[in-house]
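Enquirer: Just passing along the structure, written as structure tokens.
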Amino acid sequence: MMKMVSMVLAGSMMAVASPSFAQSSAEADCTYQADVVEAVRQARIDSVAEREVPEAIEASAPTWPDKYDAAIPLIAPWVYEMKMREVRENNLAAAWKEMCLSR
């Protein structure tokens, strides 16, 4: 189930980032995507309400380009539907980056 959700979200994320794919390397793009996943994961660990995640991440002054902010509402439900144990114990950003680079 997690893999299927990941694949759907990856497709959504690629659609958000696709206009600038030519401008950045796949490695940089996947790294930024993984950074977004990690920020959402950290918000969940910090007990931020799901509806407040975009604002909480924006307040943290993330270093990725602004276009990646659009992916936050797409990634948050995926992270928030997981059990907290899974969120804490798994490196979601690394898994996302690996999947992103393998496309």
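Please note that chains go A, B, ... in the order of the structure tokens, that every chain numbers its residues from 1, and that ligands are numbered from 1 in the order shown.
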List the spatial neighbours of A:Val37 as an NGL selection string - criterion: any atom at most 9 Å away, only C-alpha atoms, same-chain residues fewer than 2 positions off excluded.
Expert: :A and (32-35 or 39-42 or 71-72 or 75-76 or 79 or 92-93 or 96)
Enquirer: Applying 8 Å and only C-alpha atoms, which residues near A:Met84 remain after dropping the ones on its own chain fewer than 3 positions away? List them as a compact mmCIF listing (two decimals) with N, CA and C atoms, in the first residue's frame.
Expert:
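Generated output (selection-v4.txt):
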# COMPACT_ATOMS: atom_id res chain seq x y z
N ILE A 45 6.14 14.58 13.24
CA ILE A 45 6.81 14.21 14.48
C ILE A 45 6.64 15.32 15.53
N VAL A 87 6.50 6.53 10.65
CA VAL A 87 7.06 7.84 10.36
C VAL A 87 8.39 8.01 11.09
N ARG A 88 8.43 7.62 12.35
CA ARG A 88 9.66 7.77 13.14
C ARG A 88 10.77 6.83 12.68
Enquirer: Which residue is closest to A:Lys83? Choose from A:Glu98, A:Ile57, A:Arg44, A:Pro65 and count only C-alpha atoms.
Expert: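 Going through A:Glu98, A:Ile57, A:Arg44, A:Pro65 one by one, the smallest distance to A:Lys83 is for A:Arg44.
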Enquirer: Using only C-alpha atoms, find the one residue out of A:Pro77, A:Asp66, A:Asn91, A:Ser102 that sits nearest to A:Glu50.
Expert: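 Among the listed residues, A:Pro77 lies closest to A:Glu50.
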Enquirer: If we count only C-alpha atoms and set the cut-off at 10 Å, which residues sit around A:Ala26, ignoring sequence neighbours fewer than 5 positions away in its own chain? Please answer as a list in words.
Expert: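 Residues near the query, excluding close chain neighbours: Phe21, Thr31, Tyr32, Cys100, Leu101, Ser102 and Arg103 of chain A.
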Enquirer: Counting only C-alpha atoms, which residue out of A:Ala95, A:Glu89, A:Asp69, A:Trp64 sits closest to A:Ala28?
Expert: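 For A:Ala28, the nearest of the given residues is A:Trp64.
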Enquirer: Quick one: pick out all alpha helix (DSSP H) residues within stretch 35-78 of chain A from a backbone DSSP run and write them as a PyMOL selection string.
Expert: chain A and resi 35-45+53-59+72-78
Enquirer: So that I can check the surroundings of A:Ala59, please list as a list in words every protein, DNA and RNA residue that reaches within 12 Å of it, counting only C-alpha atoms and ignoring chain neighbours fewer than 4 positions away.
Expert: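 Listed by chain and then number, they are Ala39, Ala43, Glu52, Val53, Pro54, Glu55, Thr63 and Asp69 of chain A.
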